[in-house]
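Q: My structure file upload.cif, mmCIF, C-alpha atoms and all ligand atoms, is below:
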```
data_data
loop_
_atom_site.label_atom_id
_atom_site.label_comp_id
_atom_site.auth_asym_id
_atom_site.auth_seq_id
_atom_site.Cartn_x
_atom_site.Cartn_y
_atom_site.Cartn_z
CA MET A 75 0.00 0.00 0.00
CA PRO A 76 1.43 3.40 -0.87
CA PRO A 77 2.12 5.55 2.18
CA SER A 78 -0.11 8.32 0.75
CA ARG A 79 -3.23 6.28 1.61
CA ARG A 80 -2.53 7.11 5.21
CA GLY A 81 -2.92 10.88 4.94
CA ALA A 82 -1.82 13.35 7.55
CA LEU A 83 -1.71 12.52 11.22
CA PRO A 84 -4.36 14.21 13.37
CA PRO A 85 -3.24 17.20 15.39
CA GLY A 86 -1.48 16.14 18.56
CA ALA A 87 -0.54 12.73 17.15
CA LYS A 88 2.64 11.44 18.66
CA GLY A 89 5.49 9.53 17.18
CA PRO A 90 6.53 6.14 18.49
CA PRO A 91 7.33 6.02 22.19
CA SER A 92 10.84 5.57 23.48
CA GLN A 93 11.86 2.02 24.37
CA ASP A 94 11.94 3.06 28.04
CA SER A 95 8.17 3.41 28.25
CA GLN A 96 7.80 -0.20 27.04
CA ALA A 97 10.34 -1.79 29.33
CA PRO A 98 10.27 -0.90 33.01
CA CYS A 99 12.94 -3.50 33.90
CA ALA A 100 14.95 -5.72 31.59
CA PRO A 101 13.30 -6.04 28.18
CA PRO A 102 11.95 -9.52 27.39
CA ALA A 103 13.93 -11.83 25.14
CA ALA A 104 13.48 -11.15 21.45
CA HIS A 105 12.82 -13.95 18.96
CA VAL A 106 13.65 -12.83 15.46
CA ILE A 107 12.25 -14.55 12.38
CA GLU A 108 13.09 -13.55 8.81
CA SER A 109 10.43 -13.52 6.14
CA ARG A 110 11.34 -13.63 2.44
CA SER A 111 7.88 -12.88 1.04
CA ALA A 112 4.41 -11.64 1.90
CA ALA A 113 3.26 -15.27 1.69
CA GLU A 114 5.82 -16.25 4.33
CA THR A 115 4.66 -13.44 6.63
CA TRP A 116 1.06 -14.58 6.15
CA ALA A 117 2.10 -18.17 6.96
CA LEU A 118 3.85 -16.97 10.14
CA GLY A 119 0.58 -15.32 11.18
CA GLU A 120 -1.31 -18.54 10.48
CA ARG A 121 1.20 -20.44 12.59
CA LEU A 122 0.91 -17.99 15.47
CA ALA A 123 -2.88 -18.41 15.33
CA GLY A 124 -2.47 -22.00 16.53
CA ALA A 125 -0.96 -20.72 19.78
CA LEU A 126 -3.50 -17.93 20.41
CA GLY A 127 -6.44 -18.05 22.77
CA PRO A 128 -9.14 -15.63 23.94
CA GLY A 129 -7.78 -12.73 25.92
CA LEU A 130 -4.44 -12.52 24.17
CA VAL A 131 -3.40 -9.12 22.84
CA VAL A 132 -1.02 -8.93 19.88
CA ALA A 133 0.59 -5.52 19.41
CA LEU A 134 1.82 -5.03 15.83
CA VAL A 135 4.54 -2.44 15.51
CA GLY A 136 6.42 -1.26 12.43
CA ALA A 137 6.59 1.43 9.77
CA LEU A 138 4.19 1.83 6.85
CA GLY A 139 4.09 -1.16 4.55
CA THR A 140 6.17 -3.48 6.71
CA GLY A 141 3.48 -6.18 6.67
CA LYS A 142 1.41 -5.70 9.82
CA THR A 143 -1.83 -6.26 7.90
CA VAL A 144 -0.43 -9.22 5.95
CA PHE A 145 0.59 -10.83 9.25
CA ALA A 146 -2.82 -10.07 10.82
CA LYS A 147 -4.56 -11.56 7.77
CA GLY A 148 -2.59 -14.76 8.32
CA ILE A 149 -3.67 -14.83 11.98
CA VAL A 150 -7.33 -14.31 11.07
CA ALA A 151 -7.13 -17.05 8.40
CA GLY A 152 -5.35 -19.36 10.85
CA LEU A 153 -8.15 -18.88 13.36
CA SER A 154 -10.59 -20.04 10.64
CA ALA A 155 -12.59 -16.86 10.71
CA THR A 156 -15.59 -16.85 8.43
CA GLN A 157 -14.37 -13.79 6.50
CA GLU A 158 -10.97 -12.83 5.08
CA ALA A 159 -9.43 -9.91 6.96
CA THR A 160 -9.08 -6.47 5.39
CA SER A 161 -7.01 -3.55 6.61
CA PRO A 162 -8.63 -1.51 9.39
CA SER A 163 -6.75 1.64 8.21
CA PHE A 164 -10.03 3.48 7.66
CA SER A 165 -12.61 1.49 9.62
CA LEU A 166 -10.22 1.59 12.65
CA VAL A 167 -11.66 -1.70 13.87
CA ASN A 168 -12.80 -4.89 12.12
CA VAL A 169 -14.41 -7.78 13.94
CA TYR A 170 -14.18 -11.39 12.74
CA GLU A 171 -16.01 -14.44 14.03
CA ALA A 172 -13.89 -17.51 14.61
CA ALA A 173 -14.01 -19.98 17.51
CA PHE A 174 -13.80 -16.73 19.47
CA PRO A 175 -14.04 -13.13 18.26
CA VAL A 176 -11.03 -11.50 16.63
CA TYR A 177 -10.78 -7.71 17.02
CA HIS A 178 -8.42 -6.13 14.49
CA LEU A 179 -7.68 -2.49 15.29
CA ASP A 180 -5.48 0.23 13.80
CA PHE A 181 -4.25 3.06 16.02
CA TYR A 182 -2.49 5.01 13.24
CA ARG A 183 -5.07 7.78 13.13
CA LEU A 184 -5.49 7.98 16.88
CA ALA A 185 -3.70 10.49 19.06
CA ARG A 186 -4.74 9.91 22.64
CA GLU A 187 -5.83 7.15 24.99
CA GLU A 188 -9.38 8.59 24.95
CA ASP A 189 -9.51 7.99 21.18
CA ALA A 190 -8.84 4.31 21.77
CA GLU A 191 -11.50 4.25 24.49
CA SER A 192 -14.03 5.80 22.12
CA LEU A 193 -13.35 2.93 19.70
CA GLY A 194 -14.58 0.59 22.43
CA LEU A 195 -11.11 -0.72 23.30
CA ARG A 196 -12.16 -1.55 26.86
CA ASP A 197 -14.87 -3.90 25.57
CA TYR A 198 -12.45 -5.60 23.16
CA LEU A 199 -10.03 -6.18 26.02
CA ASP A 200 -12.66 -7.98 28.12
CA GLY A 201 -10.91 -11.32 27.58
CA HIS A 202 -13.44 -12.93 25.23
CA GLY A 203 -11.49 -12.50 22.03
CA VAL A 204 -8.06 -12.06 20.50
CA VAL A 205 -7.09 -8.42 20.00
CA LEU A 206 -4.74 -7.48 17.14
CA VAL A 207 -3.57 -3.86 17.15
CA GLU A 208 -1.65 -2.26 14.28
CA TRP A 209 0.42 0.81 15.24
CA ALA A 210 -0.01 -0.24 18.88
CA ASP A 211 2.92 2.00 19.89
CA ARG A 212 0.96 5.14 18.90
CA ILE A 213 -0.82 5.11 22.24
CA PRO A 214 1.55 3.79 24.89
CA GLY A 215 -0.24 2.50 27.95
CA SER A 216 -3.53 1.75 26.20
CA LEU A 217 -2.90 -1.99 26.05
CA PRO A 218 -2.46 -4.42 28.94
CA GLU A 219 1.08 -5.03 30.12
CA ASP A 220 0.75 -8.75 29.29
CA ARG A 221 0.83 -8.63 25.53
CA LEU A 222 2.69 -10.21 22.66
CA GLU A 223 4.53 -7.60 20.66
CA VAL A 224 5.56 -8.28 17.07
CA THR A 225 7.79 -5.67 15.49
CA LEU A 226 8.12 -5.81 11.71
CA ALA A 227 10.98 -4.17 9.83
CA ARG A 228 11.69 -3.91 6.12
CA THR A 229 15.06 -5.32 5.10
CA GLY A 230 14.47 -5.36 1.33
CA ASP A 231 11.67 -5.22 -1.26
CA GLU A 232 10.46 -8.69 -0.34
CA THR A 233 12.16 -9.29 2.99
CA ARG A 234 11.16 -8.42 6.54
CA THR A 235 12.24 -9.28 10.06
CA LEU A 236 9.58 -10.11 12.62
CA THR A 237 10.72 -9.69 16.22
CA PHE A 238 8.53 -11.38 18.84
CA ARG A 239 8.60 -10.30 22.49
CA GLY A 240 6.36 -11.59 25.26
CA PHE A 241 5.60 -8.85 27.79
CA GLY A 242 4.12 -10.94 30.58
CA PRO A 243 3.47 -14.59 31.49
CA ARG A 244 0.53 -15.13 29.14
CA ALA A 245 2.41 -13.78 26.13
CA GLU A 246 5.53 -15.74 27.08
CA ARG A 247 3.51 -18.98 27.23
CA THR A 248 2.15 -18.23 23.77
CA LEU A 249 5.68 -17.79 22.46
CA SER A 250 6.79 -21.09 23.98
CA LEU A 251 3.86 -22.82 22.31
CA LEU A 252 4.93 -21.26 19.02
CA ALA A 253 8.53 -22.37 19.48
CA GLY A 254 7.37 -25.90 20.33
CA ASP A 255 5.55 -26.33 17.00
N1 LIG A 301 8.15 -10.38 3.43
C1 LIG A 301 7.04 -9.61 3.35
N2 LIG A 301 6.16 -9.64 4.36
C2 LIG A 301 5.06 -8.85 4.34
N3 LIG A 301 4.73 -8.03 3.32
C3 LIG A 301 5.59 -7.98 2.29
C4 LIG A 301 6.77 -8.76 2.26
N4 LIG A 301 7.42 -8.49 1.09
C5 LIG A 301 6.69 -7.61 0.44
N5 LIG A 301 5.57 -7.29 1.14
C6 LIG A 301 4.56 -6.32 0.70
O1 LIG A 301 4.57 -5.24 1.63
C7 LIG A 301 3.26 -4.76 1.78
C8 LIG A 301 2.85 -4.84 3.24
O2 LIG A 301 1.59 -4.21 3.34
P1 LIG A 301 0.75 -4.17 4.67
O3 LIG A 301 -0.52 -3.47 4.33
O4 LIG A 301 0.65 -5.52 5.28
O5 LIG A 301 1.67 -3.25 5.59
P2 LIG A 301 1.28 -2.56 6.95
O6 LIG A 301 2.45 -2.71 7.84
O7 LIG A 301 -0.03 -3.08 7.44
O8 LIG A 301 1.14 -1.04 6.50
P3 LIG A 301 0.31 0.12 7.19
O9 LIG A 301 1.20 0.73 8.24
O10 LIG A 301 0.02 1.08 6.09
O11 LIG A 301 -0.94 -0.46 7.81
C9 LIG A 301 2.35 -5.59 0.89
O12 LIG A 301 2.20 -4.94 -0.35
C10 LIG A 301 3.15 -6.87 0.73
O13 LIG A 301 2.86 -7.55 -0.50
MG MG A 302 -1.86 -2.19 7.92
#
```
Output the file's structure as C-alpha cells, nothing else.
A:
Amino acid sequence: MPPSRRGALPPGAKGPPSQDSQAPCAPPAAHVIESRSAAETWALGERLAGALGPGLVVALVGALGTGKTVFAKGIVAGLSATQEATSPSFSLVNVYEAAFPVYHLDFYRLAREEDAESLGLRDYLDGHGVVLVEWADRIPGSLPEDRLEVTLARTGDETRTLTFRGFGPRAERTLSLLAGD
C-alpha cells in the first residue's frame, strides 16, 4: 500500500514512544524470524494463530508497509474466521467471528488514549477475544502489560524481520507454544 493512503496525522498525534516506556525492567527476550515474502509473513501469522487463545493481545509495531496487515490476515485465516481480513486503516476496527471473536484495530489515526477508548477498546479487552492492534505504539499504555509484541521491519523489497517479544506470562507462554511447533 502506498504511504499516501494514510494521509496526515491528526493534530497532537505522537510519534513512536521511546523504548523506556515499554520496558520498566529488563526487556523480554526477542525472537527474530526472517520472512522472504508476503506469503511467508502470512504463513507466520497462520502459525501464530495456533498458539492464540481468547484474551491474548497482539501488538503489531512497524513502519508503513512493513506487513502488519499481511501478518494479521494470516492470523485471522489461521483462526478459521468466516471472512478474510481487510485492513482496518479506515474502519479503525474490524471484527471477525472464529471460535472466538477477533478484534483487528489500527491506532495510526489515533492520538490519545481517549480515542482508543471511544473505539470501544475496553470492551475488546474484556478477555473474550483475541485483539490485534496495528500501530499499537501510537498510544503507549492503552494496552495491557501482558501482551505479545511483534515488530516488523523492512530489510528489502520482499524481505522483513519479525521480532517477537512476550511482555508478561501469558504472552511468554504463547511464544513457547509457538517455538514448540
Ligand atoms: N516479506 C514480506 N512480508 C510482508 N509483506 C511484504 C513482504 N514483502 C513484500 N511485502 C509487501 O509489503 C506490503 C505490506 O503491506 P501491509 O498493508 O501488510 O503493511 P502494513 O504494515 O499493514 O502497513 P500500514 O502501516 O500502512 O498499515 C504488501 O504490499 C506486501 O505484499
Ligand atoms: Mg496495515
Q: Quick one: residues within 8 Å of (7.1, -10.2, 17.9) (file frame), counting only C-alpha atoms, please, as a VMD selection string.
A: chain A and resid 104 to 106 134 222 to 226 236 to 240
Q: With all atoms listed in the file counted, collect every polymer residue having an atom within 8 Å of ligand MG 302 (chain A); state the result as a short mmCIF file (atom, residue, chain, number, x, y, z; two decimals) with C-alpha atoms, keeping the file's coordinate frame.
A:
```cif
data_model
loop_
_atom_site.label_atom_id
_atom_site.label_comp_id
_atom_site.auth_asym_id
_atom_site.auth_seq_id
_atom_site.Cartn_x
_atom_site.Cartn_y
_atom_site.Cartn_z
CA LEU A 138 4.19 1.83 6.85
CA GLY A 139 4.09 -1.16 4.55
CA GLY A 141 3.48 -6.18 6.67
CA LYS A 142 1.41 -5.70 9.82
CA THR A 143 -1.83 -6.26 7.90
CA VAL A 144 -0.43 -9.22 5.95
CA SER A 161 -7.01 -3.55 6.61
CA PRO A 162 -8.63 -1.51 9.39
CA SER A 163 -6.75 1.64 8.21
CA ASP A 180 -5.48 0.23 13.80
CA GLU A 208 -1.65 -2.26 14.28
#
```
Q: Arg228 (chain A): which residues within 9 Å, counting all atoms listed in the file, same-chain residues fewer than 4 positions away excluded, as a list in words?
A: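 Final neighbour list, sorted by chain and number: Gly136, Ala137, Gly139, Thr140, Gly141, Glu232, Thr233, Arg234 and Thr235 of chain A.
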Q: Measuring between only C-alpha atoms and all ligand atoms, which one of A:Glu158, A:Asp220, A:Glu114, A:Asp189 shows the shortest distance to ligand LIG 301 (chain A)?
A: A:Glu114
Q: Please measure the separation of CA of Val169 (chain A) and atom C6 of ligand LIG 301 (chain A), giving the value in Å to one decimal.
A: 23.2 Å
Q: Between A:Glu187, A:Asp211, A:Asp231, A:Asp200, which is the closest to ligand LIG 301 (chain A) once you count only C-alpha atoms and all ligand atoms?
A: A:Asp231
Q: Grab the CA of Thr229 (chain A) to CA of Ala146 (chain A) distance for me, in Å with one decimal place.
A: 19.4 Å
Q: Show which residues sit within 10 Å of Ala117 (chain A), as a list in words. Count only C-alpha atoms, and ignore same-chain residues fewer than 5 positions away.
A: Ser109, Ser111, Ala112, Leu122, Ala123, Val144, Phe145, Lys147, Gly148, Ile149, Ala151 and Gly152 of chain A
Q: Any chance you can output those residues with C-alpha atoms as a compact mmCIF listing (two decimals), in the coordinates of the input?
A:
```
# COMPACT_ATOMS: atom_id res chain seq x y z
CA SER A 109 10.43 -13.52 6.14
CA SER A 111 7.88 -12.88 1.04
CA ALA A 112 4.41 -11.64 1.90
CA LEU A 122 0.91 -17.99 15.47
CA ALA A 123 -2.88 -18.41 15.33
CA VAL A 144 -0.43 -9.22 5.95
CA PHE A 145 0.59 -10.83 9.25
CA LYS A 147 -4.56 -11.56 7.77
CA GLY A 148 -2.59 -14.76 8.32
CA ILE A 149 -3.67 -14.83 11.98
CA ALA A 151 -7.13 -17.05 8.40
CA GLY A 152 -5.35 -19.36 10.85
```
Q: Do you have the CA of Leu130 (chain A)-CA of Thr248 (chain A) distance handy?
A: 8.7 Å
Q: Using all atoms listed in the file, which residue out of A:Ala253, A:Ala100, A:Ala227, A:Leu206 lies closest to Thr115 (chain A)?
A: A:Ala227
Q: From the list A:Val207, A:Leu217, A:Ala173, A:Ala155, which residue is nearest ligand LIG 301 (chain A) when using only C-alpha atoms and all ligand atoms?
A: A:Val207
Q: Given the choices A:Tyr182, A:Glu120, A:Ala159, A:Gly127, which gets closest to ligand LIG 301 (chain A) if the distance is worked out from only C-alpha atoms and all ligand atoms?
A: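 Ranking A:Tyr182, A:Glu120, A:Ala159, A:Gly127 by distance to ligand LIG 301 (chain A), first place goes to A:Tyr182.
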Q: For ligand LIG 301 (chain A), which residue out of A:Leu118, A:Leu252, A:Leu193, A:Ala103 is the nearest one, using only C-alpha atoms and all ligand atoms?
A: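 Closest to ligand LIG 301 (chain A), using only C-alpha atoms and all ligand atoms: A:Leu118.
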Q: Using all atoms listed in the file - which residues lie no farther than 10 Å from the point (-7.4, 7.0, 20.5) in the file's frame? Write them as number ranges by chain.
A: A: 87, 166, 180-195, 212-213, 216
